[in-house]
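Asks: To be precise about what I am sending: the file is called query_19.tsv and holds TSV, C-alpha atoms.
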```
chain	number	residue	atom	x	y	z
A	1	MET	CA	26.00	-3.17	-5.23
A	2	SER	CA	26.76	0.18	-3.63
A	3	ALA	CA	24.06	2.84	-3.56
A	4	ALA	CA	26.64	5.20	-5.09
A	5	VAL	CA	26.44	3.29	-8.39
A	6	TYR	CA	22.68	3.76	-8.53
A	7	TYR	CA	23.03	7.46	-7.72
A	8	LEU	CA	25.69	7.85	-10.43
A	9	VAL	CA	23.43	6.23	-13.04
A	10	ALA	CA	20.53	8.43	-11.90
A	11	ALA	CA	22.77	11.50	-12.27
A	12	LEU	CA	23.77	10.43	-15.80
A	13	LEU	CA	20.12	9.97	-16.77
A	14	VAL	CA	19.28	13.40	-15.31
A	15	ALA	CA	22.11	14.85	-17.41
A	16	VAL	CA	20.73	13.23	-20.58
A	17	ASP	CA	17.27	14.55	-19.72
A	18	GLN	CA	18.54	18.08	-19.08
A	19	VAL	CA	20.64	18.17	-22.26
A	20	THR	CA	17.66	17.09	-24.38
A	21	LYS	CA	15.48	19.71	-22.71
A	22	TYR	CA	18.11	22.41	-23.25
A	23	LEU	CA	18.45	21.50	-26.93
A	24	THR	CA	14.67	21.53	-27.24
A	25	ARG	CA	14.38	25.01	-25.74
A	26	VAL	CA	17.20	26.34	-27.94
A	27	PHE	CA	16.32	24.73	-31.27
A	28	LEU	CA	12.61	23.85	-31.23
A	29	ALA	CA	10.90	26.77	-29.48
A	30	GLY	CA	8.48	28.32	-31.99
A	31	GLN	CA	9.40	25.83	-34.71
A	32	GLY	CA	6.33	23.58	-34.71
A	33	THR	CA	6.79	19.83	-34.98
A	34	LEU	CA	9.95	18.34	-36.45
A	35	GLU	CA	9.05	14.89	-37.77
A	36	VAL	CA	11.87	12.49	-36.90
A	37	ILE	CA	10.05	9.45	-38.29
A	38	PRO	CA	7.31	10.79	-40.59
A	39	GLY	CA	3.85	9.97	-39.30
A	40	VAL	CA	5.27	8.14	-36.28
A	41	LEU	CA	7.53	10.25	-34.06
A	42	GLY	CA	8.16	13.97	-33.83
A	43	LEU	CA	9.80	16.59	-31.67
A	44	THR	CA	7.61	19.45	-30.46
A	45	TYR	CA	8.46	22.10	-27.89
A	46	VAL	CA	5.89	22.16	-25.07
A	47	GLU	CA	5.97	23.98	-21.72
A	48	ASN	CA	4.00	21.80	-19.30
A	49	THR	CA	3.02	23.49	-16.02
A	50	GLY	CA	1.23	20.34	-14.88
A	51	MET	CA	2.11	16.69	-14.75
A	52	ALA	CA	1.14	13.76	-17.02
A	53	PHE	CA	-1.34	14.80	-19.71
A	54	SER	CA	-1.09	18.36	-18.29
A	55	ALA	CA	-3.16	17.34	-15.27
A	56	PHE	CA	-2.89	19.89	-12.43
A	57	SER	CA	-1.68	22.61	-14.82
A	58	GLY	CA	-0.67	25.71	-12.95
A	59	PHE	CA	0.24	23.84	-9.76
A	60	THR	CA	3.99	23.95	-10.40
A	61	PRO	CA	5.00	24.84	-6.80
A	62	VAL	CA	2.92	21.97	-5.37
A	63	LEU	CA	4.29	19.56	-7.97
A	64	ALA	CA	7.85	20.73	-7.23
A	65	VAL	CA	7.42	20.03	-3.50
A	66	LEU	CA	5.88	16.64	-4.30
A	67	SER	CA	8.76	15.84	-6.70
A	68	LEU	CA	11.29	16.81	-4.04
A	69	ALA	CA	9.59	14.64	-1.40
A	70	VAL	CA	9.43	11.65	-3.75
A	71	SER	CA	13.08	12.15	-4.74
A	72	VAL	CA	14.21	12.18	-1.10
A	73	LEU	CA	12.13	9.09	-0.39
A	74	LEU	CA	13.67	7.30	-3.39
A	75	VAL	CA	17.21	8.21	-2.29
A	76	VAL	CA	16.48	6.68	1.11
A	77	ALA	CA	14.76	3.63	-0.43
A	78	ILE	CA	17.81	2.93	-2.59
A	79	ARG	CA	20.27	3.53	0.26
A	80	LYS	CA	18.38	1.36	2.75
A	81	LYS	CA	17.45	-1.27	0.11
A	82	TRP	CA	13.77	-1.22	1.01
A	83	LEU	CA	13.26	-3.29	-2.14
A	84	PRO	CA	16.46	-5.37	-2.07
A	85	PRO	CA	16.46	-7.25	-5.41
A	86	PRO	CA	18.89	-5.51	-7.80
A	87	PHE	CA	16.17	-5.23	-10.46
A	88	CYS	CA	14.03	-3.24	-8.03
A	89	GLN	CA	16.98	-1.03	-7.12
A	90	TRP	CA	17.51	-0.25	-10.82
A	91	MET	CA	13.84	0.60	-11.31
A	92	LEU	CA	13.91	2.91	-8.28
A	93	THR	CA	16.97	4.52	-9.88
A	94	LEU	CA	15.02	5.17	-13.09
A	95	ILE	CA	12.13	6.69	-11.15
A	96	LEU	CA	14.54	8.85	-9.14
A	97	ALA	CA	16.22	10.14	-12.30
A	98	GLY	CA	12.87	11.09	-13.80
A	99	ALA	CA	11.62	12.78	-10.65
A	100	VAL	CA	14.82	14.84	-10.32
A	101	GLY	CA	14.89	15.71	-14.02
A	102	ASN	CA	11.40	17.18	-13.92
A	103	LEU	CA	12.02	18.77	-10.51
A	104	ILE	CA	14.92	20.75	-11.96
A	105	ASP	CA	12.65	22.16	-14.69
A	106	ARG	CA	9.90	23.08	-12.24
A	107	VAL	CA	12.30	24.89	-9.92
A	108	PHE	CA	14.34	26.76	-12.54
A	109	PHE	CA	11.74	27.41	-15.28
A	110	GLY	CA	8.31	27.08	-13.64
A	111	TYR	CA	7.35	24.40	-16.17
A	112	VAL	CA	8.60	21.07	-17.50
A	113	THR	CA	10.01	21.02	-21.02
A	114	ASP	CA	8.40	18.25	-23.08
A	115	MET	CA	9.38	17.35	-26.63
A	116	ILE	CA	8.71	13.74	-27.68
A	117	GLU	CA	5.48	13.41	-29.61
A	118	VAL	CA	3.89	10.24	-30.92
A	119	LEU	CA	2.26	11.27	-34.21
A	120	PHE	CA	0.12	8.29	-35.14
A	121	VAL	CA	-2.12	8.52	-32.07
A	122	GLN	CA	-3.38	11.39	-29.90
A	123	PHE	CA	-1.08	11.27	-26.88
A	124	ALA	CA	0.63	13.69	-24.51
A	125	VAL	CA	4.01	15.15	-25.45
A	126	PHE	CA	6.63	13.86	-23.00
A	127	ASN	CA	10.37	13.87	-22.23
A	128	VAL	CA	13.26	11.62	-21.16
A	129	ALA	CA	12.46	12.07	-17.45
A	130	ASP	CA	8.86	10.97	-18.08
A	131	CYS	CA	10.17	7.86	-19.85
A	132	CYS	CA	12.31	7.06	-16.81
A	133	VAL	CA	9.44	7.50	-14.33
A	134	VAL	CA	6.86	5.59	-16.35
A	135	GLY	CA	9.22	2.84	-17.53
A	136	GLY	CA	10.67	2.35	-14.05
A	137	ALA	CA	7.25	2.32	-12.38
A	138	ILE	CA	5.72	-0.13	-14.86
A	139	LEU	CA	8.67	-2.53	-14.72
A	140	LEU	CA	8.80	-2.32	-10.91
A	141	ALA	CA	5.08	-3.06	-10.65
A	142	VAL	CA	5.34	-6.00	-13.05
A	143	TYR	CA	8.29	-7.41	-11.10
A	144	ILE	CA	6.50	-7.09	-7.76
A	145	VAL	CA	3.27	-8.64	-9.08
A	146	LEU	CA	4.86	-11.51	-11.02
A	147	PHE	CA	8.17	-12.31	-9.36
A	148	TRP	CA	8.25	-10.99	-5.79
A	149	ARG	CA	8.56	-13.68	-3.14
A	150	ASP	CA	8.12	-13.24	0.62
A	151	GLU	CA	11.65	-14.45	1.33
A	152	GLU	CA	12.98	-11.38	-0.57
A	153	THR	CA	11.42	-9.12	2.06
A	154	PRO	CA	13.55	-8.28	5.12
A	155	SER	CA	12.16	-10.00	8.22
A	156	HIS	CA	11.52	-6.87	10.35
A	157	GLY	CA	10.83	-8.93	13.44
A	158	LYS	CA	9.05	-11.93	11.90
A	159	GLU	CA	11.20	-14.22	14.04
A	160	ALA	CA	9.94	-12.47	17.17
A	161	GLU	CA	6.34	-13.23	16.17
A	162	LYS	CA	7.01	-16.99	15.98
```
Translate the structure described by the file into structure tokens.

Replies:
Amino acid sequence: MSAAVYYLVAALLVAVDQVTKYLTRVFLAGQGTLEVIPGVLGLTYVENTGMAFSAFSGFTPVLAVLSLAVSVLLVVAIRKKWLPPPFCQWMLTLILAGAVGNLIDRVFFGYVTDMIEVLFVQFAVFNVADCCVVGGAILLAVYIVLFWRDEETPSHGKEAEK
């Protein structure tokens, strides 16, 4: 499959992320928590200047540079098929979408807009981009640990060693 397809899907996911963040800023700022599923799931406007669980709060410029570097690396990884199985390519696409979605917020607002809140347990408020990064990373790790075989890896000179 062409890398362009993966980039298009990443762009669509970034668009979904940015629309949800825009709607959150417009309609939820200062409103408290809107319970979508009472006692289970809510929407709460949060400005996160850090990363997961607000770690590294206040380091937005550093996190923006890191997000940009990871995004560029992911674009290259998809283009060059560093992890060739299609499943891996799709998971890299998810991670790319999440990294770019949060990068946009850091660059233009100085914080990441979070809004999804799990109400039945104490947990960080998160967003669509976070779901892409975490979901893609977990599924990629599971695939590599459980299903990766050596013959899926490009040779990179293995024949020369024999």

Asks: Please determine the residues with any atom at most 10 Å from (18.9, 8.0, -19.7) (coordinates as given in the file, with only C-alpha atoms counting) and report them as a PyMOL selection string.

Replies: chain A and resi 9-17+94+97-98+128-129+131-132

Asks: Report, in Å with one decimal, the straight-line distance from CA of Val46 (chain A) to CA of Phe123 (chain A).

Replies: 13.1 Å

Asks: Report, as AutoDock Vina command-line options, the centre and edge lengths in Å (one decimal) of the axis-aligned box enclosing every listed atom of region 64-67 of chain A, padded by 5 Å on each side.

Replies:
```
--center_x 7.3 --center_y 18.3 --center_z -5.4 --size_x 12.9 --size_y 14.9 --size_z 13.7
```

Asks: Between A:Met115, A:Ala64, A:Val134, A:Leu41, which is the closest to Thr24 (chain A) once you count all atoms listed in the file?

Replies: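 When distances to Thr24 (chain A) are compared using all atoms listed in the file, the smallest one comes from A:Met115.
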
Asks: Given the point (17.8, -1.7, -4.0) in the coordinates of this file, which residues lie within 12 Å, counting all atoms listed in the file, and how would they look as a ChimeraX atom specification?

Replies: /A:1-7,74-94,140,152-153

Asks: In Å, with one decimal, what is the gap from CA of Leu28 (chain A) to CA of Leu8 (chain A)?

Replies: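 Separation of CA of Leu28 (chain A) and CA of Leu8 (chain A): 29.3 Å.
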
Asks: I need the residue nearest Gly32 (chain A) from this list: A:Arg149, A:Ser67, A:Thr20, A:Glu117. Use all atoms listed in the file for the distance.

Replies: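 That would be A:Glu117, the residue with the smallest distance to Gly32 (chain A).
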
Asks: What separation in Å, quoted to one decimal, exists between CA of Leu139 (chain A) and CA of Leu96 (chain A)?

Replies: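 Computing the Euclidean distance for CA of Leu139 (chain A) and CA of Leu96 (chain A) yields 14.0 Å.
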
Asks: Which of these residues is nearest to Val133 (chain A), using all atoms listed in the file: A:Leu146, A:Ala29, A:Val70, A:Val118?

Replies: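 Of all the options, A:Val70 lies closest to Val133 (chain A).
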
Asks: Go through A:Ile144, A:Gly42, A:Phe109, A:Val62 one by one, measure the shortest atom-to-atom distance of each to Ala124 (chain A) using all atoms listed in the file, and give the residue with the smallest value.

Replies: A:Gly42

Asks: Select, from A:Trp148, A:Tyr143, A:Tyr111, A:Phe27, the residue with the minimum atom-to-atom distance to Phe56 (chain A), counting only C-alpha atoms.

Replies: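 For Phe56 (chain A), the nearest of the candidates is A:Tyr111.
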
Asks: Which residue is closest to Ile104 (chain A)? Choose from A:Ser71, A:Gly135, A:Phe147, A:Ile116 and count only C-alpha atoms.

Replies: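 Between A:Ser71, A:Gly135, A:Phe147, A:Ile116, the residue approaching Ile104 (chain A) most closely is A:Ser71.
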